[in-house]
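Since the structure comes first, as C-alpha cells, the remarks are kept for the end.
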Amino acid sequence: MSVAADEAAMVMIDILRGSGCGDDTASCIADHLADASLSGVESHGVMRILQYVRQFKGGYMRPVANPFIAHRDGAFLTIDGDGGHGIPAMGIAFDATVEAALDSGVAVASIINLGHTGRHGAFAEFAAEAGMMSVLIGGGNRGVWRQVAPYGGAAAKLPTNPWCVGLPGGENGPFVMDMATSMVAGGWVYAAESAGAALPEGCLIDRDGNPTTDPQAYFDGGAILPAAGQKGYALALAAELIAEALIGPVATEGNWLLVMIDTTRMTTGHTLQSRAEEVLADIRNCPPAPGFEKVEIPGERERRCRAESGGIIAIPEPTWTEILALRDEVMASTT
C-alpha cells in the first residue's frame, strides 16, 4: 500500500515520543526512517520502528540519551552514544569528523555505546556533499548478533558488519557504497518476515545448514550467508576485529570506525567531479545483461528513487497495520 512520507513520519514520532524519546530525537529517527523508505531501502526504513520500540521496552537501548564527544586527541575522536539510539549519535559523529577533517585534512572517530545506526548511506552522502571521502566500518557484539555464517560454516557466528564508503562523484552526485557483508542485511529478513514474503535463493540456510528462502528459518536458528562467499566473510571478520579488538569491548549494539578525508587536500572539487564522471559515464554506458534495464552507480539509485517517489512510501499493508496498532497502543499507555 502507499503512505505519504509525512504521515508515516508523524505516526513514528508519536510512537517514539510515547516510548520516551524527546522531541528532537523522535524527529531525527522518524525523518531518517522515512527518507530510507523513500530512497528504496525498505530494510532500513519505516518497518524498523517496530524493532526500535521492542528494544526500548526491553532495555536494550535508552530512549533518553545524550551522545557526546568523549575524547579527542588531535584528529582522533571518540563519540559515545550514551546507550541511546544510534541514528542521532551517528549524525553527531559525522558532523564532528567532518569539522575535524576540515581542520586537519583527515579525522578518525571511534563510535561506541549506541543502538542501531540506520541507513549509513544517508550520512555518507552528507559528508560527500561537504567534499569529504568517508569510510565507515562496523561490527562487534557477535555474542548477541550471531546472524551470518562464516564461509564454509553451517551456523551463525558474525553480525552483518556493514561497510560504507562515500565520496564526491560525478554529475549525478556522490558515489555511496553502503552494504552489509552478508547476502542480505538483517533488515531484509525482518522485512520479508513482516510482509509474509520469501527471500531470494542463496541468502539463507536453516539450522541444519540447508539452503532455504523462508525468513522464519533464520529466526528458528538458521543463518544468513556471507556476500560473495569468502570475500564477504573476510570483510565481515575484518570489521569484527576492528570493532572488538581495536576499539574495544562492545556496549549496546556495536562499535564503529569512521575515517574522514578532506578531498580538497588532494585535488580540487571540479577536477574530482570531472575525473569521477569520466569513470562513471563509462560504467553507465555498459550494455545491460539479460534481465537488467541498465547498469547503475551506487548512490544514484537511492537518489533517483527518492526523486521519483513523490513523497509516497510503498509499504506492505500488514506492516503498516502493525505500526498503526503500535501507535494506538503506545498512545493509550501514555494517557
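Starting from 1 in every chain, residues are counted up; chains themselves are A, B, ... following the order of the C-alpha cells, and ligands are numbered from 1 as listed.
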What parts of stretch 180-308 of chain A does DSSP call alpha helix (DSSP H)? I'd like the answer as a ChimeraX atom specification. /A:186-195,215-219,230-241,269-284,300-308
Return the single residue from A:Ile92, A:Ala239, A:Leu102, A:Ile224 that is closest to A:Leu136, with distances computed using only C-alpha atoms.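 Under the stated criterion, the closest residue is A:Ala239.
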Taking 2 positions as the minimum chain separation for residues in the same chain, which residues sit within 12 Å of A:Leu237 when counting only C-alpha atoms? Answer as a PDB file with C-alpha atoms, in the first residue's frame.
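Saved as around01.pdb:
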ATOM      1  CA  ILE A 137      33.122   0.118   9.274  1.00  0.00           C
ATOM      2  CA  GLY A 138      31.040  -1.508  11.987  1.00  0.00           C
ATOM      3  CA  GLY A 139      30.994  -4.726  13.943  1.00  0.00           C
ATOM      4  CA  GLY A 140      31.238  -6.338  17.346  1.00  0.00           C
ATOM      5  CA  ARG A 142      28.672 -11.155  17.981  1.00  0.00           C
ATOM      6  CA  VAL A 148      25.869 -14.677   9.490  1.00  0.00           C
ATOM      7  CA  ALA A 149      27.616 -17.980   8.929  1.00  0.00           C
ATOM      8  CA  PRO A 150      31.342 -17.788   8.127  1.00  0.00           C
ATOM      9  CA  TYR A 151      32.319 -19.084   4.695  1.00  0.00           C
ATOM     10  CA  LYS A 157      28.757 -16.563  14.135  1.00  0.00           C
ATOM     11  CA  LEU A 158      29.066 -12.957  12.914  1.00  0.00           C
ATOM     12  CA  PRO A 159      26.863  -9.854  12.675  1.00  0.00           C
ATOM     13  CA  THR A 160      26.147  -8.427   9.203  1.00  0.00           C
ATOM     14  CA  ASN A 161      29.036  -5.963   9.791  1.00  0.00           C
ATOM     15  CA  PRO A 162      28.426  -3.179   7.257  1.00  0.00           C
ATOM     16  CA  TRP A 163      30.943  -1.167   5.261  1.00  0.00           C
ATOM     17  CA  THR A 181      28.903  -8.069   4.285  1.00  0.00           C
ATOM     18  CA  SER A 182      26.149 -10.699   4.167  1.00  0.00           C
ATOM     19  CA  PRO A 226      28.163 -14.131   3.586  1.00  0.00           C
ATOM     20  CA  GLN A 230      34.863 -15.925   1.233  1.00  0.00           C
ATOM     21  CA  LYS A 231      35.122 -12.255   0.209  1.00  0.00           C
ATOM     22  CA  GLY A 232      32.165 -11.092   2.267  1.00  0.00           C
ATOM     23  CA  TYR A 233      33.283 -13.341   5.101  1.00  0.00           C
ATOM     24  CA  ALA A 234      36.758 -11.750   5.111  1.00  0.00           C
ATOM     25  CA  LEU A 235      35.300  -8.223   5.127  1.00  0.00           C
ATOM     26  CA  ALA A 239      35.140  -5.416  10.684  1.00  0.00           C
ATOM     27  CA  GLU A 240      34.684  -7.625  13.741  1.00  0.00           C
ATOM     28  CA  LEU A 241      38.374  -7.374  14.593  1.00  0.00           C
ATOM     29  CA  ILE A 242      38.388  -3.598  14.087  1.00  0.00           C
ATOM     30  CA  ALA A 243      35.312  -3.200  16.280  1.00  0.00           C
ATOM     31  CA  GLU A 244      36.159  -5.631  19.054  1.00  0.00           C
ATOM     32  CA  ALA A 245      39.957  -5.959  19.124  1.00  0.00           C
TER      33      ALA A 245
END
Near A:Gly81, counting only C-alpha atoms, which residues have an atom at most 8 Å away, once you skip same-chain residues fewer than 3 positions from it, shown as a JSON list (two decimals) with C-alpha atoms, in the first residue's frame?
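Everything below was put into out25.json:
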[["chain", "number", "residue", "atom", "x", "y", "z"],
["A", 65, "ALA", "CA", 20.30, 9.71, 25.81],
["A", 66, "ASN", "CA", 22.77, 12.47, 25.06],
["A", 67, "PRO", "CA", 25.51, 11.44, 22.61],
["A", 68, "PHE", "CA", 28.76, 13.34, 23.14],
["A", 84, "GLY", "CA", 20.78, 5.51, 23.20],
["A", 85, "HIS", "CA", 19.59, 5.22, 19.64],
["A", 86, "GLY", "CA", 22.35, 5.17, 17.06],
["A", 89, "ALA", "CA", 24.69, 9.57, 17.63],
["A", 111, "ILE", "CA", 31.85, 5.46, 17.81],
["A", 112, "ILE", "CA", 30.74, 3.43, 20.81],
["A", 113, "ASN", "CA", 27.83, 2.65, 23.16],
["A", 114, "LEU", "CA", 24.91, 3.15, 20.77],
["A", 115, "GLY", "CA", 21.98, 1.30, 19.25]]
Among the residues of stretch 124-258 of chain A, find those DSSP assigns to strand (DSSP E) from the backbone and print them as a PyMOL selection string. chain A and resi 132-139+163-170+173-179+204-205+211-212+223-224+255-258
